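**Q** So I've got this file, upload.txt, and it contains compact mmCIF, C-alpha atoms:
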```txt
# COMPACT_ATOMS: atom_id res chain seq x y z
CA VAL H 1114 -13.23 78.86 2.25
CA SER H 1115 -11.35 76.87 -0.43
CA ALA H 1116 -13.07 74.65 -3.10
CA SER H 1117 -11.69 71.78 -5.11
CA PRO H 1118 -13.44 69.68 -7.84
CA ILE H 1119 -13.99 65.94 -7.38
CA VAL H 1120 -13.88 63.94 -10.65
CA ASP H 1121 -14.76 60.34 -11.55
CA LYS H 1122 -12.53 57.86 -13.32
CA ASN H 1123 -13.39 59.42 -16.61
CA GLY H 1124 -12.27 62.83 -15.41
CA LYS H 1125 -15.72 64.25 -15.14
CA VAL H 1126 -16.45 66.63 -12.23
CA VAL H 1127 -19.06 64.98 -10.15
CA SER H 1128 -18.90 67.18 -7.00
CA ILE H 1129 -17.11 70.04 -5.24
CA LEU H 1130 -15.04 69.69 -2.07
CA CYS H 1131 -15.30 72.77 0.12
CA VAL H 1132 -13.04 73.33 3.12
CA ALA H 1133 -13.76 76.21 5.50
CA ASN H 1134 -11.25 77.74 7.95
CA ASP H 1135 -12.27 80.05 10.82
CA ILE H 1136 -10.13 83.21 10.29
CA THR H 1137 -12.03 85.46 12.70
CA ASP H 1138 -9.04 85.76 15.05
CA LEU H 1139 -6.67 86.33 12.14
CA LYS H 1140 -8.85 89.12 10.79
CA ALA H 1141 -9.09 90.68 14.22
CA THR H 1142 -5.31 90.52 14.51
CA GLU H 1143 -4.87 92.12 11.09
CA ILE H 1144 -7.28 94.92 12.02
CA GLU H 1145 -5.44 95.48 15.31
CA LEU H 1146 -2.09 95.52 13.52
CA ALA H 1147 -3.45 98.05 11.03
CA LYS H 1148 -4.61 100.26 13.89
CA HIS H 1149 -1.20 100.03 15.57
CA ARG H 1150 0.52 100.80 12.29
CA GLU H 1151 -1.66 103.87 11.77
CA HIS H 1152 -1.03 105.00 15.36
CA LEU H 1153 2.68 104.46 14.96
CA GLU H 1154 2.69 106.49 11.74
CA GLU H 1155 0.82 109.28 13.55
CA LEU H 1156 3.37 109.21 16.38
CA VAL H 1157 6.27 109.30 13.93
CA GLU H 1158 4.66 112.17 12.03
CA GLU H 1159 3.94 114.06 15.25
CA ARG H 1160 7.48 113.51 16.56
CA THR H 1161 8.98 114.50 13.22
CA SER H 1162 6.94 117.69 13.29
CA LYS H 1163 8.10 118.46 16.83
CA LEU H 1164 11.72 117.77 15.89
CA ASN H 1165 11.39 120.12 12.93
CA GLU H 1166 9.92 122.78 15.23
CA GLU H 1167 12.69 122.22 17.79
CA MET H 1168 15.34 122.44 15.07
CA ALA H 1169 13.79 125.63 13.75
CA GLU H 1170 13.61 127.09 17.26
CA ARG H 1171 17.20 126.02 17.99
CA THR H 1172 18.37 127.56 14.73
CA LYS H 1173 16.50 130.74 15.62
CA SER H 1174 17.99 130.77 19.13
CA GLU H 1175 21.49 130.10 17.83
CA LYS H 1176 21.10 132.91 15.32
CA ALA H 1177 19.83 135.28 18.04
CA LEU H 1178 22.71 134.23 20.30
CA TRP H 1179 25.22 134.76 17.53
CA GLU H 1180 23.74 138.18 16.75
CA SER H 1181 23.76 139.06 20.47
CA GLU H 1182 27.39 137.99 20.86
CA ALA H 1183 28.35 139.86 17.69
CA LYS H 1184 26.61 142.97 18.99
CA PHE H 1185 28.35 142.61 22.39
CA ARG H 1186 31.77 142.19 20.76
CA ASN H 1187 31.17 145.15 18.46
CA LEU H 1188 30.12 147.38 21.37
CA ALA H 1189 32.91 146.08 23.61
CA ASN H 1190 35.62 146.56 21.00
CA ASN H 1191 34.54 150.16 20.44
CA SER H 1192 34.29 150.98 24.14
CA PRO H 1193 36.75 153.50 25.63
CA ASN H 1194 36.90 151.23 28.69
CA MET H 1195 38.63 147.89 29.08
CA ILE H 1196 36.10 145.03 29.15
CA PHE H 1197 36.92 141.46 30.09
CA ILE H 1198 35.33 138.13 31.03
CA ASN H 1199 37.08 136.07 33.70
CA ARG H 1200 36.05 132.43 33.76
CA MET H 1201 37.41 130.55 36.78
CA GLY H 1202 40.61 132.60 36.91
CA ARG H 1203 41.28 132.59 33.16
CA VAL H 1204 40.70 135.34 30.62
CA ALA H 1205 37.82 134.14 28.43
CA TYR H 1206 37.34 137.46 26.65
CA ALA H 1207 39.21 140.77 26.41
CA ASN H 1208 38.27 143.69 24.19
CA ARG H 1209 40.55 145.73 21.95
CA LYS H 1210 41.18 148.34 24.67
CA CYS H 1211 42.62 145.65 26.98
CA VAL H 1212 45.17 144.75 24.31
CA GLU H 1213 46.07 148.40 23.70
CA VAL H 1214 46.48 149.33 27.36
CA MET H 1215 47.90 146.15 28.89
CA GLY H 1216 50.34 145.40 26.07
CA TYR H 1217 49.45 141.70 25.75
CA THR H 1218 48.14 140.02 22.59
CA LEU H 1219 44.84 138.14 22.72
CA GLU H 1220 46.75 134.90 22.25
CA GLU H 1221 48.80 135.66 25.38
CA LEU H 1222 45.75 136.64 27.42
CA TYR H 1223 43.78 133.55 26.32
CA ALA H 1224 46.69 131.14 26.81
CA GLU H 1225 45.90 128.25 29.17
CA GLY H 1226 48.82 129.01 31.48
CA PHE H 1227 48.22 132.79 31.67
CA ASP H 1228 47.72 133.96 35.25
CA PHE H 1229 44.98 136.59 35.52
CA LEU H 1230 46.48 137.89 38.76
CA SER H 1231 49.71 138.81 36.97
CA LEU H 1232 47.78 141.84 35.71
CA VAL H 1233 47.29 143.05 39.28
CA ALA H 1234 49.80 144.78 41.54
CA PRO H 1235 51.04 142.40 44.31
CA GLU H 1236 49.48 144.47 47.11
CA ASP H 1237 46.01 144.15 45.52
CA GLN H 1238 46.08 140.49 44.45
CA LYS H 1239 44.60 139.11 47.68
CA ARG H 1240 41.71 141.58 47.53
CA VAL H 1241 41.09 140.80 43.85
CA ARG H 1242 41.08 137.06 44.60
CA GLU H 1243 38.59 137.50 47.47
CA ASN H 1244 36.27 139.75 45.47
CA ALA H 1245 36.44 137.44 42.45
CA GLN H 1246 35.36 134.51 44.61
CA LYS H 1247 32.38 136.55 45.83
CA ARG H 1248 31.37 137.18 42.21
CA PHE H 1249 31.71 133.47 41.34
CA ASP H 1250 29.44 132.78 44.32
CA GLY H 1251 26.86 135.04 42.68
CA LEU H 1252 27.35 138.04 44.96
CA GLU H 1253 27.47 141.62 43.71
CA SER H 1254 29.23 144.58 45.32
CA ASP H 1255 30.28 148.14 44.68
CA PRO H 1256 33.03 149.00 42.17
CA CYS H 1257 36.56 148.57 43.58
CA GLU H 1258 39.80 150.47 43.04
CA TYR H 1259 42.93 148.48 42.19
CA THR H 1260 46.39 149.04 40.78
CA LEU H 1261 47.09 147.11 37.57
CA LEU H 1262 50.36 146.20 35.87
CA THR H 1263 50.94 146.33 32.12
CA LYS H 1264 53.17 143.84 30.33
CA ASP H 1265 56.13 146.22 30.78
CA LYS H 1266 55.27 146.57 34.50
CA LYS H 1267 53.83 150.07 34.26
CA ARG H 1268 51.46 150.74 37.18
CA PHE H 1269 48.17 152.59 36.89
CA GLU H 1270 45.05 152.96 39.03
CA VAL H 1271 41.68 151.68 37.85
CA LEU H 1272 38.09 151.32 38.98
CA ILE H 1273 36.61 147.89 38.20
CA ASN H 1274 32.87 147.36 38.07
CA SER H 1275 32.06 143.65 37.79
CA LYS H 1276 29.11 141.28 38.03
CA PRO H 1277 28.58 137.50 37.91
CA ILE H 1278 27.33 136.07 34.61
CA LYS H 1279 27.04 132.77 32.75
CA TYR H 1280 29.48 132.46 29.85
CA GLU H 1281 29.28 129.42 27.59
CA GLY H 1282 27.30 127.67 30.32
CA GLN H 1283 29.85 128.28 33.09
CA PRO H 1284 30.07 130.82 35.95
CA ALA H 1285 32.10 133.86 34.95
CA ILE H 1286 32.73 137.51 35.77
CA LEU H 1287 32.05 140.38 33.41
CA GLY H 1288 34.21 143.37 34.27
CA ILE H 1289 34.46 146.95 33.04
CA ILE H 1290 37.73 148.75 33.84
CA THR H 1291 38.00 152.53 33.99
CA ASP H 1292 41.44 154.12 34.09
CA ILE H 1293 41.32 156.66 36.94
CA SER H 1294 45.05 157.47 36.99
CA GLN H 1295 44.54 160.97 35.64
CA LEU H 1296 41.58 161.56 37.94
CA LYS H 1297 43.70 160.47 40.93
CA ARG H 1298 46.53 162.78 39.85
CA VAL H 1299 44.16 165.72 39.42
CA SER H 1300 42.56 164.94 42.79
CA SER H 1301 45.99 164.81 44.43
CA GLU H 1302 47.06 168.05 42.79
CA LEU H 1303 43.79 169.70 43.79
CA SER H 1304 44.24 168.52 47.37
CA GLU H 1305 47.77 169.92 47.40
CA ALA H 1306 46.51 173.19 45.93
CA GLU H 1307 43.81 173.38 48.60
CA ASP H 1308 46.43 172.81 51.29
CA VAL H 1309 48.56 175.61 49.85
CA GLN H 1310 45.51 177.87 49.70
CA LYS H 1311 44.60 177.12 53.29
CA ASN H 1312 48.15 177.83 54.43
CA ILE H 1313 48.14 181.14 52.55
CA LEU H 1314 44.79 182.09 54.06
CA ARG H 1315 46.01 181.04 57.49
CA MET H 1316 49.10 183.24 57.19
CA MET H 1317 47.25 186.32 55.96
CA PRO H 1318 47.03 189.13 58.55
CA GLU H 1319 43.51 189.99 57.36
CA ALA H 1320 40.36 188.19 58.50
CA VAL H 1321 39.11 186.00 55.64
CA VAL H 1322 35.59 184.62 55.28
CA ILE H 1323 34.45 182.47 52.32
CA HIS H 1324 30.79 181.78 51.65
CA ASP H 1325 28.88 180.02 48.87
CA LEU H 1326 26.44 181.63 46.44
CA SER H 1327 23.61 181.40 48.97
CA GLY H 1328 25.67 183.26 51.57
CA ALA H 1329 26.39 180.19 53.74
CA ILE H 1330 29.86 180.29 55.31
CA THR H 1331 32.23 177.56 54.12
CA TYR H 1332 35.53 178.87 55.54
CA VAL H 1333 36.83 181.39 58.06
CA SER H 1334 40.47 182.10 58.74
CA GLU H 1335 41.99 181.94 62.20
CA LYS H 1336 42.23 185.73 62.17
CA ALA H 1337 38.49 185.99 61.44
CA LEU H 1338 37.74 183.63 64.31
CA GLU H 1339 39.95 185.69 66.57
CA LEU H 1340 38.25 188.97 65.61
CA THR H 1341 34.68 187.65 65.82
CA GLY H 1342 35.13 185.63 68.99
CA TYR H 1343 34.21 182.25 67.56
CA SER H 1344 36.36 179.29 68.58
CA SER H 1345 36.20 177.12 65.43
CA LEU H 1346 34.90 176.87 61.89
CA ASP H 1347 32.27 174.36 63.06
CA GLU H 1348 30.56 177.14 65.04
CA VAL H 1349 29.89 179.27 61.96
CA LYS H 1350 30.03 176.84 59.03
CA GLY H 1351 26.71 176.82 57.17
CA ARG H 1352 25.48 180.00 58.84
CA SER H 1353 24.84 183.14 56.79
CA PHE H 1354 27.81 185.50 56.56
CA ILE H 1355 25.32 188.32 57.11
CA GLU H 1356 25.14 187.27 60.77
CA MET H 1357 28.73 188.46 61.13
CA LEU H 1358 27.77 191.97 60.01
CA ALA H 1359 26.25 194.83 61.90
CA PRO H 1360 22.44 195.09 61.44
CA CYS H 1361 22.86 198.35 59.57
CA ASP H 1362 24.80 196.54 56.85
CA HIS H 1363 22.38 193.61 56.32
CA GLU H 1364 20.26 195.15 53.59
CA ARG H 1365 23.27 196.53 51.70
CA ALA H 1366 25.04 193.15 51.98
CA ILE H 1367 22.11 191.40 50.30
CA GLU H 1368 22.08 194.00 47.51
CA GLU H 1369 25.83 193.68 46.95
CA LEU H 1370 25.63 189.86 46.95
CA THR H 1371 22.96 190.07 44.24
CA ARG H 1372 25.22 192.31 42.15
CA LEU H 1373 28.16 189.97 42.63
CA LEU H 1374 26.09 187.04 41.40
CA LYS H 1375 25.46 189.05 38.23
CA SER H 1376 29.26 189.20 37.74
CA GLU H 1377 29.49 192.87 38.68
CA GLU H 1378 32.71 192.99 40.69
CA HIS H 1379 32.66 195.17 43.76
CA LEU H 1380 34.85 195.80 46.75
CA VAL H 1381 32.49 196.32 49.67
CA THR H 1382 33.21 197.56 53.19
CA TYR H 1383 30.99 196.47 56.08
CA ASN H 1384 30.93 197.12 59.78
CA SER H 1385 31.62 193.75 61.30
CA ILE H 1386 30.18 192.53 64.60
CA LEU H 1387 33.12 191.67 66.83
```
Will you turn the file into structure tokens for me?
**A**
Amino acid sequence: VSASPIVDKNGKVVSILCVANDITDLKATEIELAKHREHLEELVEERTSKLNEEMAERTKSEKALWESEAKFRNLANNSPNMIFINRMGRVAYANRKCVEVMGYTLEELYAEGFDFLSLVAPEDQKRVRENAQKRFDGLESDPCEYTLLTKDKKRFEVLINSKPIKYEGQPAILGIITDISQLKRVSSELSEAEDVQKNILRMMPEAVVIHDLSGAITYVSEKALELTGYSSLDEVKGRSFIEMLAPCDHERAIEELTRLLKSEEHLVTYNSIL
């Protein structure tokens, strides 16, 4: 409502002019706008709070990830084994041992044009490629033996245990390499020594029987087979050596075996069953 004075010719107020406007709809609109404004402020406050929580959580996650990666790199760099991450055929990570053994710098290994297969002997490259594809497909398998090549083309045998992982959001392979060159050499030398031993035993004129600590036969020479009438080692392998003795010697054989196990060396004579 607005009011205005009405005056006469002498300027004296003689009445009041009142004009009324219906502002019901305007008031309702203002109230509605106020409600929307309050709701909008609540939404903004709620969203801001959520964003702050998300930022805090992301910061926490990034810190945990950084700490996890730092811990992994620390452990990997102090490992006696070579550890690598292969991402789609490229070296994404290599620990200190890889650099020491393979002779490449990290810059060379991480270079865009570096071929991961150049680290593998030609005869094993196809098998490495096939097994790598299986890992990228998410499949796991037993550790595999390969021959690797250092930068100066030195060959050595390794056992690689690998598994599929996600690295920086992409499929990758985490591999642990164990140098088994010395183990292979020792195994080869041991095999050769066993062959020599078998040949010596085979050539001996005496009958030779070898049994384990429980008395189970593990080896008999050809002369022993000839004297006892057995046709092959398979016939007696795993059986007690006491079965090859005369019954009168069974008890004494057990006593002497007990003494031998106590490191008391004896040369014992038995009556063998032929």
**Q** In the coordinate frame of the file, compute which residues have an atom within 12 Å of (37.9, 137.5, 31.6) when using only C-alpha atoms, and state them as number ranges by chain.
**A** H: 1195-1208, 1211, 1219, 1222-1224, 1227-1230, 1232, 1245, 1275-1280, 1284-1290
**Q** Tell me, in Å to one decimal, how far CA of Asp1237 (chain H) is from CA of Cys1257 (chain H).
**A**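 For CA of Asp1237 (chain H) relative to CA of Cys1257 (chain H), the distance reads 10.6 Å.
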**Q** In the coordinate frame of the file, compute which residues have an atom within 12 Å of (51.3, 146.1, 44.4) when using only C-alpha atoms, and state them as a ChimeraX atom specification.
**A** /H:1230-1241,1259-1262,1266-1270
**Q** How many Å separate CA of Gly1342 (chain H) from CA of Met1357 (chain H)?
**A**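 Computing the Euclidean distance for CA of Gly1342 (chain H) and CA of Met1357 (chain H) yields 10.5 Å.
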**Q** Rounded to one decimal in Å, what is the spacing between CA of Lys1350 (chain H) and CA of Val1321 (chain H)?
**A** 13.3 Å
